[in-house]
Each structure stands twice: as structure tokens, then as C-alpha cells.
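Colleague: Provided below: run_34.csv, containing CSV, C-alpha atoms.
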```csv
chain,number,residue,atom,x,y,z
A,1,MET,CA,-34.1,-16.0,-0.5
A,2,ARG,CA,-33.2,-15.8,3.2
A,3,LYS,CA,-30.9,-18.8,2.9
A,4,LEU,CA,-29.1,-17.2,0.0
A,5,TRP,CA,-28.8,-14.0,2.0
A,6,ARG,CA,-27.4,-15.9,5.0
A,7,GLN,CA,-24.8,-17.5,2.8
A,8,PHE,CA,-23.8,-14.2,1.3
A,9,SER,CA,-23.7,-12.6,4.7
A,10,ARG,CA,-21.5,-15.3,6.2
A,11,ALA,CA,-19.1,-15.2,3.2
A,12,VAL,CA,-18.7,-11.4,3.4
A,13,THR,CA,-18.2,-11.6,7.2
A,14,ALA,CA,-15.7,-14.5,6.9
A,15,ILE,CA,-13.6,-12.7,4.2
A,16,ASN,CA,-13.6,-9.5,6.3
A,17,ALA,CA,-12.5,-11.4,9.4
A,18,LEU,CA,-9.6,-13.0,7.4
A,19,THR,CA,-8.5,-9.7,6.0
A,20,GLY,CA,-8.7,-8.1,9.5
A,21,TYR,CA,-6.3,-10.7,10.9
A,22,VAL,CA,-4.0,-10.4,7.8
A,23,SER,CA,-4.0,-6.6,8.4
A,24,GLY,CA,-2.7,-7.2,11.9
A,25,VAL,CA,0.1,-9.4,10.6
A,26,LEU,CA,1.0,-6.6,8.1
A,27,ILE,CA,1.3,-4.1,10.9
A,28,VAL,CA,3.7,-6.4,12.6
A,29,ILE,CA,5.7,-6.8,9.4
A,30,CYS,CA,5.7,-3.0,9.0
A,31,SER,CA,7.1,-2.6,12.5
A,32,GLY,CA,9.9,-5.1,11.6
A,33,VAL,CA,10.7,-3.1,8.4
A,34,LEU,CA,11.0,0.1,10.4
A,35,VAL,CA,13.1,-1.5,13.1
A,36,PHE,CA,15.4,-2.9,10.3
A,37,GLU,CA,15.7,0.6,8.9
A,38,VAL,CA,16.7,2.0,12.3
A,39,VAL,CA,19.3,-0.7,12.8
A,40,VAL,CA,20.9,-0.5,9.4
A,41,ARG,CA,20.8,3.2,9.1
A,42,TYR,CA,22.0,4.4,12.5
A,43,TRP,CA,24.0,1.5,13.9
A,44,LEU,CA,25.5,0.0,10.7
A,45,SER,CA,25.5,3.3,8.6
A,46,TRP,CA,24.0,1.7,5.6
A,47,PRO,CA,22.0,4.0,3.3
A,48,THR,CA,18.4,3.1,3.0
A,49,ASP,CA,15.8,4.2,0.4
A,50,TRP,CA,12.9,1.7,0.4
A,51,GLU,CA,11.9,1.1,4.1
A,52,ILE,CA,9.7,4.1,4.7
A,53,GLU,CA,7.8,3.7,1.4
A,54,MET,CA,7.4,0.0,2.0
A,55,SER,CA,6.0,0.7,5.5
A,56,ILE,CA,3.6,3.3,4.1
A,57,MET,CA,2.3,0.8,1.5
A,58,LEU,CA,1.9,-1.9,4.2
A,59,LEU,CA,0.0,0.5,6.4
A,60,ILE,CA,-2.3,1.6,3.4
A,61,VAL,CA,-3.1,-2.1,2.8
A,62,ALA,CA,-3.6,-2.8,6.5
A,63,THR,CA,-5.8,0.2,7.0
A,64,PHE,CA,-8.1,-0.3,4.1
A,65,MET,CA,-8.3,-4.1,4.4
A,66,SER,CA,-9.2,-3.9,8.1
A,67,ALA,CA,-12.0,-1.3,7.7
A,68,ALA,CA,-14.7,-3.9,7.0
A,69,PHE,CA,-13.5,-6.1,9.9
A,70,THR,CA,-13.8,-3.1,12.2
A,71,GLN,CA,-17.3,-2.3,10.8
A,72,ALA,CA,-18.5,-5.9,11.4
A,73,SER,CA,-18.1,-5.3,15.1
A,74,ARG,CA,-19.3,-1.7,14.9
A,75,GLY,CA,-15.9,-0.5,16.0
A,76,HIS,CA,-15.9,2.7,14.1
A,77,VAL,CA,-16.5,6.0,15.8
A,78,GLY,CA,-20.1,6.5,16.8
A,79,ILE,CA,-22.1,8.9,18.9
A,80,GLU,CA,-23.0,6.7,21.9
A,81,VAL,CA,-24.6,9.5,24.0
A,82,LEU,CA,-27.5,9.5,21.6
A,83,ASP,CA,-28.2,5.9,22.4
A,84,ALA,CA,-29.2,6.8,25.9
A,85,LEU,CA,-31.1,9.9,24.9
A,86,LEU,CA,-33.2,8.5,22.1
A,87,SER,CA,-35.8,5.7,22.1
A,88,VAL,CA,-35.1,2.3,20.6
A,89,ARG,CA,-37.1,3.1,17.5
A,90,ALA,CA,-35.4,6.4,17.0
A,91,ASN,CA,-32.0,4.8,17.5
A,92,ARG,CA,-32.9,2.1,14.9
A,93,TRP,CA,-33.8,4.9,12.4
A,94,ARG,CA,-30.7,6.9,13.2
A,95,ASN,CA,-28.4,3.9,12.7
A,96,THR,CA,-30.2,2.9,9.5
A,97,ILE,CA,-29.9,6.3,8.0
A,98,GLY,CA,-26.3,6.6,9.2
A,99,ASP,CA,-25.5,3.2,7.6
A,100,ILE,CA,-27.1,4.1,4.3
A,101,LEU,CA,-25.2,7.5,4.1
A,102,SER,CA,-21.9,5.8,5.2
A,103,MET,CA,-22.4,3.1,2.6
A,104,ALA,CA,-23.1,5.7,-0.1
A,105,PHE,CA,-19.9,7.5,0.8
A,106,CYS,CA,-17.9,4.2,0.8
A,107,ILE,CA,-19.3,3.2,-2.6
A,108,PHE,CA,-18.3,6.6,-4.0
A,109,ILE,CA,-14.7,6.2,-2.6
A,110,ALA,CA,-14.5,2.6,-3.8
A,111,TRP,CA,-15.7,3.6,-7.3
A,112,HIS,CA,-12.9,6.3,-7.5
A,113,ALA,CA,-10.3,3.9,-6.0
A,114,TRP,CA,-11.1,1.4,-8.8
A,115,LYS,CA,-10.7,4.2,-11.4
A,116,PHE,CA,-7.3,5.1,-9.8
A,117,PHE,CA,-6.2,1.5,-9.8
A,118,HIS,CA,-7.1,1.1,-13.5
A,119,GLU,CA,-5.3,4.3,-14.4
A,120,ALA,CA,-2.2,3.3,-12.4
A,121,TRP,CA,-2.2,-0.2,-13.9
A,122,ALA,CA,-2.8,1.0,-17.5
A,123,ASP,CA,-0.3,3.8,-17.4
A,124,GLY,CA,2.3,2.0,-15.3
A,125,LYS,CA,2.5,4.8,-12.7
A,126,MET,CA,5.3,4.6,-10.2
A,127,SER,CA,6.3,6.4,-7.1
A,128,ASN,CA,8.6,9.4,-7.5
A,129,THR,CA,11.3,8.0,-5.2
A,130,ALA,CA,14.6,6.2,-5.7
A,131,TRP,CA,12.9,2.8,-5.0
A,132,ALA,CA,10.0,3.8,-7.5
A,133,PRO,CA,7.5,1.0,-6.8
A,134,LYS,CA,4.4,0.6,-8.9
A,135,LEU,CA,1.4,2.4,-7.4
A,136,TRP,CA,-1.3,0.0,-8.6
A,137,PRO,CA,-1.0,-2.4,-5.6
A,138,ALA,CA,-1.8,0.4,-3.2
A,139,TYR,CA,-4.8,1.5,-5.3
A,140,LEU,CA,-5.9,-2.1,-5.6
A,141,PHE,CA,-6.1,-2.6,-1.9
A,142,MET,CA,-7.7,0.8,-1.4
A,143,ALA,CA,-10.4,-0.3,-3.9
A,144,LEU,CA,-10.8,-3.8,-2.4
A,145,GLY,CA,-11.0,-2.4,1.1
A,146,MET,CA,-13.6,0.2,0.4
A,147,THR,CA,-15.6,-2.4,-1.7
A,148,MET,CA,-15.5,-4.9,1.2
A,149,LEU,CA,-16.5,-2.1,3.7
A,150,SER,CA,-19.5,-1.2,1.4
A,151,LEU,CA,-20.5,-4.9,1.3
A,152,GLN,CA,-20.2,-5.2,5.1
A,153,MET,CA,-22.5,-2.3,5.5
A,154,LEU,CA,-24.9,-3.8,3.0
A,155,VAL,CA,-24.8,-7.1,5.0
A,156,GLN,CA,-25.5,-5.2,8.2
A,157,LEU,CA,-28.4,-3.3,6.7
A,158,GLY,CA,-29.9,-6.5,5.2
A,159,ASP,CA,-29.5,-8.4,8.5
A,160,GLN,CA,-31.1,-5.5,10.4
A,161,HIS,CA,-34.0,-5.5,7.9
A,162,ILE,CA,-34.5,-9.3,8.1
A,163,HIS,CA,-34.3,-9.1,11.9
A,164,GLN,CA,-36.9,-6.2,12.0
A,165,HIS,CA,-39.3,-8.2,9.8
A,166,ARG,CA,-39.0,-11.2,12.1
A,167,GLU,CA,-39.9,-9.0,15.1
A,168,ASP,CA,-42.9,-7.6,13.2
A,169,GLU,CA,-44.1,-11.1,12.3
A,170,GLU,CA,-43.9,-12.2,16.0
```
Could you show the structure in this file as C-alpha cells?

Modeller:
Amino acid sequence: MRKLWRQFSRAVTAINALTGYVSGVLIVICSGVLVFEVVVRYWLSWPTDWEIEMSIMLLIVATFMSAAFTQASRGHVGIEVLDALLSVRANRWRNTIGDILSMAFCIFIAWHAWKFFHEAWADGKMSNTAWAPKLWPAYLFMALGMTMLSLQMLVQLGDQHIHQHREDEE
């Protein structure tokens, strides 16, 4: 069972690392799109209508797809002052409870993001702008990102549980 868990854990962590790096590339592309907009709009006097919305979509994808990568290194906001004030055991419980509550919240958001994706896909929803891109890609990456974040939290909880049992056995 532990071997299967280790394989699952490694797969989730590897996928999250890949999406984290891809998110970095998307932010660079977004910067290029915005620079392009500035150049063509102000220096060449070309009208633009898609660059801002494209950069928003790229940032949505980058934000949600990098969340699990950030969680893998525990890079999200935490209350570090409590680490120094509480005992090791109390901190372990605090982190476990925080992870469980965070994971429940992320699962809730992922569930609704999947519903939004399905609705946007089925109804063919589009943005209310001149460019009018379909909205389902943004909802898809929101749902994927929150699902991967939930799985990363599950992996961390499972790894912590396995590590705790190893300590108890020794």
C-alpha cells in the first residue's frame, strides 16, 4: 500500500512541478502580450481589443495552475510566529487541522469550478467584449488548478500520516 501511495505522491508532485514551471512561462508570455499592446497602441496608433483579455486569461491559468506547486513547498501564507510559541506536537496538530480545512475549502471551490466549466462548455458562453473568447478554457484551468491543489494537500496529509506512523513504530 505504501508503494502505491509513494507512486501516487510522486506523480502528483511531478505534475504540480511541471505546471508550476509552465505557469512561469505563461507569466512571461503575458508580459510580452502587454508590451506588444503598449507598443502598437501608443507608438503605432493601432487599435487593440484582445490584449488585456488575453493577459487576464493567461494570468488566471498561471495563478490556478501554480497553486499546487506553491503548496508543495508550503509557500502559501502561514502563521510562523505560532511555530515558535507552540510545542512540536501542537504545531503538528495545528498544521494537520489547517491542511484538512484548507483541503475541504479547495475541494468545494474545485467542485464549483467544474460545474462552471461544464456550464460554459455546454452553453457556449463567451466574454462580453469585442474579442469575445469562449470562457470554458478559463473555467477548465480554474477547476484543474483547484483539483491539483486539493490532491497536493491530500498527498501532504498522507505523507505526514505515514511519517508519523514511522516515528511511532521506532

Colleague: Which residues of range 39-95 of chain A come within 8 Å of range 4-16 of chain A, and what is each one's closest atom pair and distance in Å (one decimal), counting only C-alpha atoms, sorted by chain and residue number, as CSV?

Modeller:
```
residue,atom,partner,partner_atom,distance
A:Met65,CA,A:Asn16,CA,7.8
A:Ser66,CA,A:Asn16,CA,7.3
A:Ala68,CA,A:Asn16,CA,5.7
A:Phe69,CA,A:Asn16,CA,5.0
A:Ala72,CA,A:Thr13,CA,7.1
```

Colleague: Just the residues within 12 Å of range 97-107 of chain A, please, counting all atoms listed in the file, with nothing from its chain fewer than 3 positions along; format it as number ranges by chain.

Modeller: A: 64, 67-68, 71, 74, 76-79, 90-94, 110-114, 142-158, 160

Colleague: What gap, in Å, lies between CA of Tyr139 in chain A and CA of Ala17 in chain A?

Modeller: 21.0 Å

Colleague: Quick one: distance from CA of Ser127 in chain A to CA of Phe141 in chain A in Å, one decimal?

Modeller: 16.2 Å

Colleague: For a test of reading the model, state the distance in Å between CA of Ala138 in chain A and CA of Ser23 in chain A, rounded to one decimal.

Modeller: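 So the two atoms, CA of Ala138 in chain A and CA of Ser23 in chain A, lie 13.7 Å apart.
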
Colleague: Which of these residues is nearest to Glu51 in chain A, using all atoms listed in the file: A:Asp83, A:Leu18, A:Trp131, A:Met1?

Modeller: A:Trp131
